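protein.cif, holding mmCIF, C-alpha atoms:
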data_my_file
loop_
_atom_site.label_atom_id
_atom_site.label_comp_id
_atom_site.auth_asym_id
_atom_site.auth_seq_id
_atom_site.Cartn_x
_atom_site.Cartn_y
_atom_site.Cartn_z
CA MET A 76 5.88 35.10 -72.43
CA ASP A 77 5.52 32.76 -75.39
CA ALA A 78 7.33 29.44 -75.68
CA ALA A 79 8.00 29.76 -79.42
CA ASP A 80 9.43 33.26 -78.98
CA LEU A 81 11.59 32.19 -76.04
CA ASP A 82 12.85 29.20 -77.95
CA TYR A 83 13.74 31.22 -81.04
CA ARG A 84 15.51 33.98 -79.14
CA THR A 85 17.54 31.62 -76.99
CA ARG A 86 18.49 29.29 -79.86
CA THR A 87 19.61 32.14 -82.08
CA LEU A 88 20.83 34.43 -79.26
CA THR A 89 19.00 37.32 -80.88
CA GLY A 90 16.96 39.94 -79.05
CA CYS A 91 18.10 38.61 -75.67
CA ILE A 92 20.95 38.79 -73.15
CA PRO A 93 23.23 35.82 -73.96
CA PRO A 94 24.70 33.60 -71.22
CA LEU A 95 28.23 35.04 -71.38
CA LEU A 96 26.95 38.55 -70.80
CA VAL A 97 24.71 37.44 -67.95
CA THR A 98 27.82 36.00 -66.34
CA ARG A 99 29.66 39.24 -67.06
CA LEU A 100 26.93 41.32 -65.41
CA LEU A 101 27.06 39.16 -62.30
CA GLU A 102 30.86 39.31 -62.18
CA LEU A 103 30.69 43.10 -62.23
CA GLY A 104 28.16 43.18 -59.40
CA HIS A 105 24.99 43.98 -61.39
CA GLU A 106 22.82 41.44 -59.58
CA ARG A 107 19.80 43.73 -59.34
CA GLU A 108 19.83 44.20 -63.10
CA VAL A 109 19.94 40.45 -63.68
CA GLU A 110 17.08 39.98 -61.22
CA PHE A 111 15.03 42.69 -62.96
CA GLN A 112 15.64 41.27 -66.41
CA ALA A 113 14.75 37.78 -65.20
CA GLY A 114 11.26 39.10 -64.53
CA ARG A 115 11.04 40.63 -68.01
CA GLY A 116 11.36 37.45 -70.05
CA GLU A 117 15.15 37.23 -70.26
CA TRP A 118 15.56 33.48 -69.95
CA PHE A 119 19.31 33.32 -69.40
CA CYS A 120 18.99 35.91 -66.63
CA ALA A 121 16.20 33.89 -65.03
CA LEU A 122 18.23 30.69 -65.22
CA GLU A 123 21.31 32.15 -63.56
CA TRP A 124 19.31 34.11 -61.00
CA ALA A 125 17.37 31.00 -59.98
CA ARG A 126 20.59 29.02 -59.63
CA LEU A 127 22.16 31.80 -57.58
CA LEU A 128 19.17 32.01 -55.23
CA GLY A 129 19.16 28.24 -54.82
CA HIS A 130 22.87 28.28 -53.99
CA ARG A 131 22.13 30.85 -51.30
CA GLY A 132 19.44 28.64 -49.78
CA LEU A 133 16.54 30.79 -51.03
CA ARG A 134 14.88 27.81 -52.63
CA GLU A 135 11.28 28.91 -52.89
CA GLN A 136 12.34 32.24 -54.35
CA ALA A 137 14.41 30.39 -56.92
CA LEU A 138 11.38 28.34 -57.95
CA GLU A 139 9.27 31.48 -58.20
CA VAL A 140 11.73 32.97 -60.69
CA LEU A 141 11.19 30.01 -63.01
CA ALA A 142 7.41 29.78 -62.56
CA PRO A 143 6.34 32.20 -65.34
CA TYR A 144 8.60 30.43 -67.82
CA ILE A 145 7.31 27.00 -66.84
CA ALA A 146 3.77 28.29 -67.38
CA THR A 147 4.54 28.55 -71.12
CA ASN A 148 5.08 24.73 -71.24
CA TRP A 149 8.58 25.30 -72.63
CA TRP A 150 10.93 22.47 -71.64
CA PRO A 151 14.16 24.32 -70.63
CA PRO A 152 12.69 26.02 -67.51
CA ALA A 153 11.04 22.76 -66.48
CA ARG A 154 14.40 21.04 -66.79
CA ALA A 155 16.09 23.80 -64.79
CA ARG A 156 13.52 23.46 -62.02
CA ALA A 157 13.82 19.66 -62.00
CA GLU A 158 17.60 19.96 -61.67
CA LEU A 159 17.23 22.29 -58.71
CA LEU A 160 14.71 19.99 -57.04
CA GLU A 161 16.89 16.94 -57.54
CA GLY A 162 19.89 18.82 -56.16
CA TRP A 163 17.87 19.62 -53.04
CA GLY A 164 16.88 15.98 -52.58
CA ARG A 165 13.30 16.53 -53.74
CA VAL A 166 13.53 13.81 -56.37
CA GLY A 167 9.86 12.89 -56.38
CA GLU A 168 8.90 16.45 -57.30
CA ALA A 169 11.54 16.52 -60.03
CA ILE A 170 10.18 13.29 -61.55
CA ALA A 171 6.59 14.52 -61.41
CA LEU A 172 7.57 17.77 -63.11
CA ALA A 173 9.55 16.17 -65.95
CA ARG A 174 7.25 13.21 -66.65
CA PRO A 175 4.61 15.02 -68.79
CA TYR A 176 7.28 16.47 -71.07
CA ALA A 177 8.84 13.06 -71.57
CA GLN A 178 5.45 11.47 -72.23
CA ALA A 179 4.73 14.15 -74.83
CA GLY A 180 7.63 12.83 -76.89
CA ASP A 181 10.13 15.66 -76.50
CA ARG A 182 13.50 13.95 -77.16
CA PRO A 183 15.66 16.07 -74.83
CA ALA A 184 13.00 15.79 -72.14
CA LEU A 185 12.77 12.02 -72.57
CA VAL A 186 16.54 11.59 -72.24
CA PHE A 187 16.69 13.88 -69.21
CA PHE A 188 13.76 12.06 -67.60
CA ALA A 189 15.25 8.63 -68.25
CA ARG A 190 18.59 9.63 -66.74
CA LEU A 191 16.78 11.15 -63.77
CA LEU A 192 14.91 7.88 -63.22
CA ALA A 193 18.12 5.88 -63.59
CA ARG A 194 19.81 7.97 -60.90
CA THR A 195 17.10 6.87 -58.49
CA VAL A 196 15.49 3.47 -58.00
CA HIS A 197 13.53 3.62 -61.25
CA SER A 198 16.13 2.44 -63.76
CA ASP A 199 13.87 -0.38 -65.01
CA GLU A 200 11.19 2.15 -65.91
CA ALA A 201 13.78 4.30 -67.67
CA PHE A 202 14.89 1.33 -69.77
CA MET A 203 11.35 0.49 -70.82
CA LEU A 204 10.67 4.09 -71.79
CA LEU A 205 13.67 4.19 -74.09
CA ARG A 206 13.60 0.78 -75.74
CA THR A 207 10.89 1.69 -78.22
CA GLY A 208 13.10 4.51 -79.50
CA ILE A 209 16.13 2.33 -80.16
CA GLN A 210 16.27 3.51 -83.80
CA ASP A 211 17.12 7.04 -82.62
CA TRP A 212 20.87 7.45 -81.96
CA PHE A 213 20.25 9.96 -79.16
CA LEU A 214 17.81 7.71 -77.32
CA ALA A 215 19.93 4.62 -78.00
CA GLU A 216 22.96 6.27 -76.41
CA CYS A 217 20.91 7.02 -73.31
CA LEU A 218 19.47 3.50 -73.31
CA VAL A 219 22.96 1.99 -73.10
CA ASP A 220 23.81 4.19 -70.12
CA VAL A 221 20.55 3.37 -68.39
CA ALA A 222 20.95 -0.36 -69.08
CA ASP A 223 24.00 -0.53 -66.85
CA ALA A 224 22.16 0.99 -63.89
CA ALA A 225 19.19 -1.30 -64.52
CA GLY A 226 21.32 -4.44 -64.82
CA MET A 227 19.91 -4.96 -68.32
CA ASN A 228 23.04 -4.93 -70.44
CA GLU A 229 22.13 -8.12 -72.29
CA GLU A 230 18.66 -6.83 -73.09
CA ALA A 231 20.17 -3.65 -74.53
CA ALA A 232 22.75 -5.68 -76.47
CA ALA A 233 20.00 -7.81 -78.00
CA LEU A 234 18.13 -4.71 -79.16
CA LEU A 235 21.27 -3.32 -80.77
CA GLU A 236 22.14 -6.63 -82.43
CA ASP A 237 18.69 -6.65 -84.02
CA ARG A 238 19.29 -3.15 -85.37
CA ILE A 239 22.69 -4.14 -86.78
CA GLU A 240 21.18 -7.17 -88.50
CA ALA A 241 18.42 -4.96 -89.92
CA ALA A 242 20.91 -2.68 -91.69
CA VAL A 243 20.20 -2.25 -95.40
CA PRO A 244 22.32 -1.05 -98.35
CA ALA A 245 22.63 2.71 -98.40
CA CYS A 246 21.87 2.92 -102.13
CA ASP A 247 20.75 0.82 -105.10
CA ASP A 248 24.26 0.46 -106.52
CA ALA A 249 25.19 -3.21 -106.42
CA ASP A 250 28.84 -2.30 -105.82
CA CYS A 251 28.07 -0.07 -102.84
CA SER A 252 29.25 -1.64 -99.59
CA ASN A 253 27.83 1.06 -97.33
CA LEU A 254 24.97 0.19 -95.03
CA ARG A 255 22.25 2.39 -93.58
CA MET A 256 21.88 1.52 -89.94
CA ASP A 257 19.39 2.98 -87.46
CA PRO A 258 20.77 4.04 -85.09
CA PHE A 259 23.99 4.86 -86.91
CA ASN A 260 25.98 4.32 -83.68
CA ALA A 261 24.63 0.83 -82.98
CA VAL A 262 28.00 -0.89 -83.42
CA SER A 263 29.83 1.52 -81.12
CA LEU A 264 27.10 1.25 -78.49
CA LEU A 265 27.17 -2.53 -78.60
CA ALA A 266 30.96 -2.40 -78.22
CA THR A 267 30.47 -0.18 -75.15
CA ILE A 268 28.30 -2.87 -73.57
CA ARG A 269 30.74 -5.66 -74.38
CA GLU A 270 33.63 -3.66 -72.93
CA ARG A 271 31.56 -2.99 -69.83
CA GLN A 272 31.04 -6.76 -69.50
CA GLY A 273 34.77 -7.40 -69.78
CA ARG A 274 34.42 -8.90 -73.25
CA ILE A 275 37.19 -6.75 -74.69
CA GLU A 276 38.03 -8.91 -77.70
CA GLU A 277 34.41 -8.81 -78.85
CA ALA A 278 34.34 -5.03 -78.42
CA ILE A 279 37.49 -4.67 -80.53
CA ASP A 280 36.12 -6.96 -83.23
CA LEU A 281 32.91 -4.96 -83.36
CA LEU A 282 34.69 -1.62 -83.68
CA GLN A 283 36.78 -2.97 -86.53
CA THR A 284 33.58 -3.44 -88.56
CA ARG A 285 32.56 0.24 -88.46
CA GLY A 286 32.09 2.17 -91.67
CA ALA A 287 32.89 5.56 -90.13
CA THR A 288 35.68 5.31 -87.59
CA SER A 289 35.60 8.75 -86.00
CA VAL A 290 32.94 10.98 -84.46
CA ASP A 291 33.75 14.46 -83.15
CA ASN A 292 37.47 13.87 -83.78
CA ARG A 293 37.53 10.88 -81.47
CA ASP A 294 38.00 7.24 -82.43
CA ASP A 295 36.25 4.69 -80.21
CA LEU A 296 38.66 1.89 -81.04
CA ALA A 297 41.70 4.03 -80.25
CA ASP A 298 40.11 5.12 -76.98
CA LEU A 299 39.29 1.52 -76.03
CA LEU A 300 42.83 0.31 -76.73
CA ALA A 301 44.23 3.18 -74.67
CA ARG A 302 41.92 2.48 -71.73
CA HIS A 303 43.12 -1.11 -71.59
CA ASP A 304 46.81 -0.31 -72.03
CA ARG A 305 47.02 -2.20 -75.32
CA ILE A 306 49.67 0.12 -76.64
CA THR A 307 51.18 -2.25 -79.20
CA GLU A 308 47.79 -2.65 -80.84
CA LEU A 309 47.16 1.08 -80.59
CA ARG A 310 50.48 1.74 -82.37
CA ALA A 311 49.49 -0.63 -85.16
CA TYR A 312 46.06 0.94 -85.49
CA ALA A 313 47.52 4.46 -85.48
CA ALA A 314 49.79 3.49 -88.37
CA SER A 315 46.81 2.39 -90.48
CA GLU A 316 44.14 4.95 -89.51
CA SER A 317 44.19 7.83 -91.99
CA HIS A 318 42.35 10.58 -90.08
CA GLY A 319 45.06 11.02 -87.45
CA HIS A 320 42.69 10.48 -84.53
CA ALA A 321 44.31 7.21 -83.46
CA VAL A 322 47.81 8.67 -83.58
CA ARG A 323 46.57 11.60 -81.52
CA ARG A 324 45.25 9.20 -78.86
CA LEU A 325 48.56 7.35 -78.88
CA ALA A 326 50.45 10.62 -78.43
CA GLU A 327 48.13 11.59 -75.56
CA VAL A 328 48.89 8.31 -73.79
CA LEU A 329 52.61 8.72 -74.25
CA GLU A 330 52.49 12.32 -73.00
CA GLU A 331 50.46 11.25 -69.95
CA ARG A 332 53.22 8.74 -69.16
CA GLY A 333 55.84 11.48 -69.35
CA ASP A 334 57.40 10.27 -72.61
CA VAL A 335 57.10 13.55 -74.51
CA GLU A 336 59.79 12.67 -77.04
CA ALA A 337 57.95 9.50 -78.02
CA ALA A 338 54.71 11.45 -78.39
CA ILE A 339 56.43 13.96 -80.68
CA ALA A 340 58.01 11.12 -82.64
CA VAL A 341 54.69 9.41 -83.41
CA TYR A 342 53.25 12.70 -84.65
CA ARG A 343 56.27 13.34 -86.85
CA ALA A 344 56.19 9.79 -88.24
CA PHE A 345 52.53 10.18 -89.17
CA GLY A 346 53.19 13.61 -90.59
CA ALA A 347 55.88 12.23 -92.90
CA ALA A 348 53.21 10.42 -94.92
CA PRO A 349 51.51 12.32 -97.76
CA HIS A 350 48.99 14.73 -96.27
CA GLY A 351 49.74 13.39 -92.79
CA MET A 352 50.86 16.70 -91.33
CA TRP A 353 47.53 18.25 -92.29
CA GLN A 354 45.89 16.00 -89.70
CA VAL A 355 48.40 16.33 -86.87
CA SER A 356 50.12 19.70 -87.21
CA VAL A 357 47.86 21.49 -84.73
CA PRO A 358 47.93 18.84 -81.95
CA LEU A 359 51.70 18.49 -82.44
CA SER A 360 52.21 22.25 -82.14
CA GLU A 361 49.97 22.31 -79.04
CA LEU A 362 52.03 19.51 -77.50
CA LEU A 363 55.25 21.38 -78.15
CA VAL A 364 53.85 24.58 -76.64
CA ARG A 365 52.71 22.73 -73.50
CA HIS A 366 56.32 21.68 -72.96
CA GLY A 367 57.91 25.06 -73.55
CA ARG A 368 59.06 24.39 -77.09
CA GLY A 369 57.26 27.26 -78.81
CA ASP A 370 59.86 27.81 -81.52
CA GLU A 371 59.51 24.20 -82.63
CA ALA A 372 55.73 24.59 -82.66
CA ILE A 373 56.09 27.64 -84.89
CA GLU A 374 58.36 25.73 -87.24
CA VAL A 375 55.80 22.92 -87.55
CA MET A 376 53.03 25.32 -88.58
CA ARG A 377 55.35 27.45 -90.75
CA ALA A 378 56.50 24.41 -92.72
CA LEU A 379 52.90 23.37 -93.30
CA ALA A 380 51.85 26.89 -94.33
CA GLU A 381 54.66 27.05 -96.89
CA ARG A 382 53.78 23.76 -98.54
CA PRO A 383 51.88 23.86 -101.84
CA GLY A 384 48.27 24.48 -100.87
CA GLY A 385 49.24 25.14 -97.27
CA ALA A 386 48.23 28.80 -97.18
CA GLU A 387 44.80 28.01 -95.76
CA ASP A 388 43.40 30.66 -93.44
CA TRP A 389 43.18 28.29 -90.44
CA ILE A 390 46.80 27.25 -90.85
CA VAL A 391 48.13 30.78 -91.26
CA ASP A 392 45.94 32.00 -88.40
CA THR A 393 47.34 29.32 -86.09
CA LEU A 394 50.86 30.26 -87.14
CA CYS A 395 50.30 33.98 -86.57
CA THR A 396 48.78 33.30 -83.16
CA LEU A 397 51.89 31.32 -82.23
CA TYR A 398 54.13 34.15 -83.42
CA SER A 399 52.16 36.61 -81.30
CA SER A 400 52.03 34.50 -78.15
CA HIS A 401 55.77 33.81 -78.30
CA GLY A 402 56.90 37.41 -78.73
CA ARG A 403 57.69 37.20 -82.42
CA PRO A 404 55.13 39.53 -84.07
CA LEU A 405 57.64 40.83 -86.63
CA ASP A 406 58.19 37.29 -87.91
CA GLY A 407 54.43 36.89 -88.21
CA LEU A 408 54.15 40.07 -90.25
CA ALA A 409 57.05 38.97 -92.44
CA HIS A 410 55.25 35.70 -93.14
CA LEU A 411 52.09 37.55 -94.13
CA ASP A 412 54.12 39.86 -96.37
CA ALA A 413 55.73 36.89 -98.12
CA LEU A 414 52.34 35.23 -98.54
CA LYS A 415 50.87 38.42 -99.98
CA ALA A 416 53.72 38.65 -102.48
CA ARG A 417 53.23 35.03 -103.55
CA ILE A 418 49.57 35.62 -104.40
CA GLY A 419 50.13 38.72 -106.49
CA GLY A 420 50.16 41.51 -103.93
CA THR A 421 46.51 41.31 -102.90
CA GLU A 422 45.27 40.24 -99.49
CA GLU A 423 41.73 39.20 -98.66
CA TRP A 424 40.35 40.26 -95.32
CA ASP A 425 40.58 36.75 -93.88
CA PHE A 426 44.38 37.12 -94.07
CA PHE A 427 44.64 40.86 -93.52
CA ARG A 428 42.82 40.65 -90.17
CA MET A 429 45.70 38.50 -88.88
CA ARG A 430 47.95 41.53 -89.22
CA LEU A 431 46.04 43.60 -86.71
CA PRO A 432 47.06 41.88 -83.44
CA LEU A 433 50.60 41.45 -84.72
CA MET A 434 50.88 45.15 -85.48
CA ALA A 435 49.37 45.93 -82.08
CA ASP A 436 52.06 43.75 -80.48
CA CYS A 437 54.60 45.98 -82.23
CA GLY A 438 52.98 49.12 -80.85
CA LEU A 439 51.53 50.04 -84.24
CA ILE A 440 47.86 50.19 -83.30
CA ASP A 441 47.10 53.45 -85.05
CA GLU A 442 48.83 52.25 -88.19
CA ALA A 443 46.88 48.99 -87.99
CA ILE A 444 43.56 50.86 -87.77
CA GLU A 445 44.51 53.12 -90.66
CA GLU A 446 45.47 50.16 -92.86
CA ALA A 447 42.28 48.36 -91.91
CA ARG A 448 40.15 51.32 -92.97
CA ALA A 449 42.03 51.52 -96.28
CA HIS A 450 41.40 47.84 -97.03
CA PRO A 451 38.67 47.19 -99.63
CA GLU A 452 36.67 45.32 -96.97
CA GLY A 453 37.63 47.68 -94.18
CA HIS A 454 34.17 49.24 -93.82
CA THR A 455 32.27 45.96 -93.43
CA TRP A 456 30.67 44.75 -90.22
CA TYR A 457 33.12 41.85 -89.89
CA ALA A 458 36.07 44.23 -90.26
CA ALA A 459 34.56 46.37 -87.50
CA CYS A 460 34.54 43.32 -85.25
CA ALA A 461 38.27 42.69 -85.75
CA VAL A 462 39.22 46.36 -85.35
CA SER A 463 37.14 46.58 -82.19
CA GLU A 464 38.95 43.58 -80.71
CA VAL A 465 42.35 45.20 -81.25
CA LEU A 466 41.22 48.50 -79.74
CA ALA A 467 39.66 46.84 -76.73
CA GLU A 468 42.80 44.76 -76.11
CA ALA A 469 44.74 48.03 -76.06
CA GLY A 470 42.37 49.50 -73.47
CA ARG A 471 40.76 51.86 -75.99
CA THR A 472 37.24 50.62 -75.30
CA GLU A 473 35.46 53.87 -76.14
CA GLU A 474 36.96 53.79 -79.62
CA ALA A 475 36.05 50.11 -79.93
CA VAL A 476 32.43 51.00 -79.22
CA THR A 477 32.50 53.81 -81.78
CA VAL A 478 33.68 51.37 -84.45
CA LEU A 479 30.89 48.92 -83.66
CA GLU A 480 28.24 51.64 -83.63
CA GLN A 481 28.81 52.11 -87.36
CA HIS A 482 27.08 48.74 -87.92
CA PRO A 483 24.14 48.78 -85.50
CA THR A 484 22.46 45.64 -86.84
CA TYR A 485 25.57 43.46 -86.43
CA ASN A 486 27.90 42.38 -83.62
CA SER A 487 25.27 43.14 -80.97
CA SER A 488 26.76 40.84 -78.33
CA LEU A 489 30.27 42.22 -78.81
CA HIS A 490 28.93 45.79 -78.83
CA ALA A 491 27.01 45.15 -75.61
CA GLU A 492 30.04 43.55 -73.97
CA ARG A 493 32.10 46.66 -74.67
CA LEU A 494 29.35 48.88 -73.25
CA ILE A 495 29.10 46.73 -70.12
CA ASP A 496 32.86 47.06 -69.63
CA LEU A 497 32.34 50.83 -69.73
CA GLY A 498 29.55 50.62 -67.16
CA ARG A 499 26.91 51.66 -69.70
CA ILE A 500 24.45 48.93 -68.74
CA GLU A 501 21.28 50.56 -70.08
CA ASP A 502 22.90 51.19 -73.45
CA ALA A 503 24.14 47.61 -73.57
CA LEU A 504 20.68 46.21 -72.88
CA ARG A 505 19.17 48.50 -75.50
CA VAL A 506 21.56 47.03 -78.07
CA LEU A 507 20.79 43.46 -77.07
CA GLN A 508 17.04 43.82 -76.81
CA GLN A 509 16.39 45.38 -80.19
CA PRO A 510 13.21 43.82 -81.59
CA ARG A 511 14.02 40.99 -83.95
CA THR A 512 11.55 39.52 -86.38
CA LYS A 513 11.96 35.87 -87.16
CA PRO A 514 13.29 35.74 -90.73
CA PRO A 515 11.42 33.58 -93.23
CA THR A 516 13.20 30.44 -94.35
CA PRO A 517 14.63 31.35 -97.77
CA THR A 518 14.07 29.13 -100.76
CA TRP A 519 17.41 27.95 -102.07
CA ASP A 520 17.87 28.88 -105.73
CA GLY A 521 20.81 26.55 -106.28
CA THR A 522 23.50 29.22 -105.99
CA TYR A 523 25.99 29.91 -103.23
CA SER A 524 26.83 33.27 -101.72
CA THR A 525 30.22 34.77 -102.44
CA GLU A 526 29.80 37.41 -99.75
CA PRO A 527 30.75 36.75 -96.11
CA PRO A 528 29.40 35.30 -93.98
CA TYR A 529 29.19 32.47 -96.47
#

Show me the file's structure as structure tokens.
Amino acid sequence: MDAADLDYRTRTLTGCIPPLLVTRLLELGHEREVEFQAGRGEWFCALEWARLLGHRGLREQALEVLAPYIATNWWPPARARAELLEGWGRVGEAIALARPYAQAGDRPALVFFARLLARTVHSDEAFMLLRTGIQDWFLAECLVDVADAAGMNEEAAALLEDRIEAAVPACDDADCSNLRMDPFNAVSLLATIRERQGRIEEAIDLLQTRGATSVDNRDDLADLLARHDRITELRAYAASESHGHAVRRLAEVLEERGDVEAAIAVYRAFGAAPHGMWQVSVPLSELLVRHGRGDEAIEVMRALAERPGGAEDWIVDTLCTLYSSHGRPLDGLAHLDALKARIGGTEEWDFFRMRLPLMADCGLIDEAIEEARAHPEGHTWYAACAVSEVLAEAGRTEEAVTVLEQHPTYNSSLHAERLIDLGRIEDALRVLQQPRTKPPTPTWDGTYSTEPPY
């Protein structure tokens, strides 16, 4: 085994058995196959097999499974072994195993090692390891967590304050007010410490100075106000925050308190502003569905889809899914027909594929397949994927496999999953383990592809 090859195959999920299919094999009782493949360089098989043996109390056997992978000096198996050892109370061995990787400068290894130390009596050491990397957002985030265990919140705050003061203009434009800060999350992390210390007003003031208010569709200020039951302030912030993340947090709080009507009302009020419904239509529809109001959810998405510019694929897809899940496939097809007429009678695959499950819901599977094959993009690999899904949902797995076999270099995981469902394990593994050569990094020529996948 080679660390670079293992890393490439597992990162890209090419030429290997991916985690979901390892789980599927185990669910269907193919333990011996997973065990065999674990010994042949299939990392995800080895990981799950080692965990399973450890759960059964076969600890030394579990460690033996990981040993050949660890011999490559690749970090993931070392981490897996350290996690097993820690779980068994063998913390000293876990620390000794992870330390060289952390000392070598591997960022994930350093963060894992620091958290491992902090969970024991070595939180001071963890803090000292991380402080020199304070400019790195990933290490800084870990440092703030470790600081609490080490009782070094003020030391961490001082480091972050220095980084905030060291921020420089992001460009040479004299009118540019943006700052480049390393780490970029220094303000939010400092606010976390102040909140932890009970200095809530300082935390709020800090978060109000951020340039970017939201990360991963969450807003730290909205979350802080919700945690401390400062609903009046959260309402005011939600009214001024344009991304819709604060109003979503407010609606979540109201729903948690059982005031569903108030949650719906804040979404609708935000959605009444120009472009507001673009931000909150999906969470509002999800809220309505959770409370048995599917028809209202459909109306929310339908109204958005029929606005000028609203016929985006993600909006129409959400709407069609709602039609299907609420027993209204004919209405979904009617919407797609109207949309097709509005755009001149043509229908790109991204919209046509939405017809397939709706037609299947109407018992028109054969007609759906025939229309798919007649579509200008009907013989592409991505069309095969959608057709296969419809056939498999209808229990016609053999036909689904036949469709995928027409594009042997694509959809390998989906193809293998269908074969596994048919009990054709060897065929499935043959599909997954086709030799893959690492493609060269292409030189960008300044043009963009117009062919999917884009």

Pull out every residue that the PyMOL selection byres ((chain A and resi 429) around 9) matches in the shown coordinates and put them as a list of chain:residue names. A:Val391, A:Asp392, A:Cys395, A:Thr396, A:Gly407, A:Leu408, A:Leu411, A:Trp424, A:Asp425, A:Phe426, A:Phe427, A:Arg428, A:Arg430, A:Leu431, A:Pro432, A:Leu433

Contacts of Glu270 in chain A at 12 Å (only C-alpha atoms; same-chain gap of 2+ positions) as a PDB file with C-alpha atoms, keeping the file's coordinate frame:
ATOM      1  CA  ASP A 223      24.000  -0.530 -66.850  1.00  0.00           C
ATOM      2  CA  ASN A 228      23.040  -4.930 -70.440  1.00  0.00           C
ATOM      3  CA  ALA A 232      22.750  -5.680 -76.470  1.00  0.00           C
ATOM      4  CA  SER A 263      29.830   1.520 -81.120  1.00  0.00           C
ATOM      5  CA  LEU A 264      27.100   1.250 -78.490  1.00  0.00           C
ATOM      6  CA  LEU A 265      27.170  -2.530 -78.600  1.00  0.00           C
ATOM      7  CA  ALA A 266      30.960  -2.400 -78.220  1.00  0.00           C
ATOM      8  CA  THR A 267      30.470  -0.180 -75.150  1.00  0.00           C
ATOM      9  CA  ILE A 268      28.300  -2.870 -73.570  1.00  0.00           C
ATOM     10  CA  GLN A 272      31.040  -6.760 -69.500  1.00  0.00           C
ATOM     11  CA  GLY A 273      34.770  -7.400 -69.780  1.00  0.00           C
ATOM     12  CA  ARG A 274      34.420  -8.900 -73.250  1.00  0.00           C
ATOM     13  CA  ILE A 275      37.190  -6.750 -74.690  1.00  0.00           C
ATOM     14  CA  GLU A 276      38.030  -8.910 -77.700  1.00  0.00           C
ATOM     15  CA  GLU A 277      34.410  -8.810 -78.850  1.00  0.00           C
ATOM     16  CA  ALA A 278      34.340  -5.030 -78.420  1.00  0.00           C
ATOM     17  CA  ILE A 279      37.490  -4.670 -80.530  1.00  0.00           C
ATOM     18  CA  ASP A 280      36.120  -6.960 -83.230  1.00  0.00           C
ATOM     19  CA  LEU A 281      32.910  -4.960 -83.360  1.00  0.00           C
ATOM     20  CA  LEU A 282      34.690  -1.620 -83.680  1.00  0.00           C
ATOM     21  CA  ASP A 295      36.250   4.690 -80.210  1.00  0.00           C
ATOM     22  CA  LEU A 296      38.660   1.890 -81.040  1.00  0.00           C
ATOM     23  CA  ASP A 298      40.110   5.120 -76.980  1.00  0.00           C
ATOM     24  CA  LEU A 299      39.290   1.520 -76.030  1.00  0.00           C
ATOM     25  CA  LEU A 300      42.830   0.310 -76.730  1.00  0.00           C
ATOM     26  CA  ARG A 302      41.920   2.480 -71.730  1.00  0.00           C
ATOM     27  CA  HIS A 303      43.120  -1.110 -71.590  1.00  0.00           C
TER      28      HIS A 303
END

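Across A:Leu192, A:Ala469, A:Ala372, A:Leu127, the tightest approach to Ala157 in chain A is made by A:Leu192 when counting all atoms listed in the file.
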
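With all atoms listed in the file taken into account, every residue lying no more than 7 Å from the file point (24.3, -0.4, -98.8) is included here: Val243, Pro244, Ala245, Cys246, Cys251, Ser252, Asn253, Leu254 and Arg255 of chain A.
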
Go through A:Ile495, A:Met76, A:Ala189, A:Ala171 one by one, measure the shortest atom-to-atom distance of each to Leu141 in chain A using only C-alpha atoms, and give the residue with the smallest value. A:Met76

Find the spatial neighbours of Leu103 in chain A, counting all atoms listed in the file, within a cut-off of 12 Å - ignore same-chain residues fewer than 5 positions away - and output them as a ChimeraX atom specification. /A:96-98,108-109,492,495-500

What do you get, as number ranges by chain, if you spell out every residue that the PyMOL selection byres ((chain A and resi 115-118) around 9) selects here? A: 76, 81, 85, 91-93, 109, 111-114, 119-123, 141, 143-144, 152

Write out as an NGL selection string each polymer residue whose atoms come within 12 Å of Glu316 in chain A, counting only C-alpha atoms; drop sequence neighbours fewer than 5 positions from it. :A and (283 or 287-289 or 293-294 or 296-297 or 309-311 or 321-325 or 345 or 348 or 351 or 354)

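Using all atoms listed in the file, the smallest distance between any of A:Val478, A:Ala314, A:Val341, A:Ala301 and Ser356 in chain A comes from A:Val341.
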
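Picture a line from CA of Ala380 in chain A to CA of Gly402 in chain A; it runs 19.5 Å.
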
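Going from CA of Gln481 in chain A to CA of Tyr83 in chain A covers 26.5 Å.
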
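Taking CA of Tyr312 in chain A and CA of Glu327 in chain A as the two end points, the separation is 14.7 Å.
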
Counting all atoms listed in the file, the option among A:Leu397, A:Gly208, A:Ala78, A:His105 closest to Glu501 in chain A: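 Checking each candidate against Glu501 in chain A, we get A:His105 as the closest.
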
Selected by the PyMOL selection byres ((chain A and resi 379) around 10) in the shown coordinates: which residues, as a ChimeraX atom specification? /A:350,352-353,356,373-378,380-387,390-391,394

Around the point (25.7, 45.3, -84.4) (coordinates from the file), which residues reach within 12 Å if we count only C-alpha atoms? Answer as number ranges by chain. A: 89-90, 455-460, 463, 476-493, 503, 505-509

Within 10 Å of Leu405 in chain A using all atoms listed in the file, minus same-chain residues under 6 positions, as a PDB file with C-alpha atoms, keeping the file's coordinate frame:
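Contents of the output file selection-v3.pdb:
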ATOM      1  CA  TYR A 398      54.130  34.150 -83.420  1.00  0.00           C
ATOM      2  CA  SER A 399      52.160  36.610 -81.300  1.00  0.00           C
ATOM      3  CA  LEU A 411      52.090  37.550 -94.130  1.00  0.00           C
ATOM      4  CA  LEU A 433      50.600  41.450 -84.720  1.00  0.00           C
ATOM      5  CA  MET A 434      50.880  45.150 -85.480  1.00  0.00           C
ATOM      6  CA  ASP A 436      52.060  43.750 -80.480  1.00  0.00           C
ATOM      7  CA  CYS A 437      54.600  45.980 -82.230  1.00  0.00           C
TER       8      CYS A 437
END
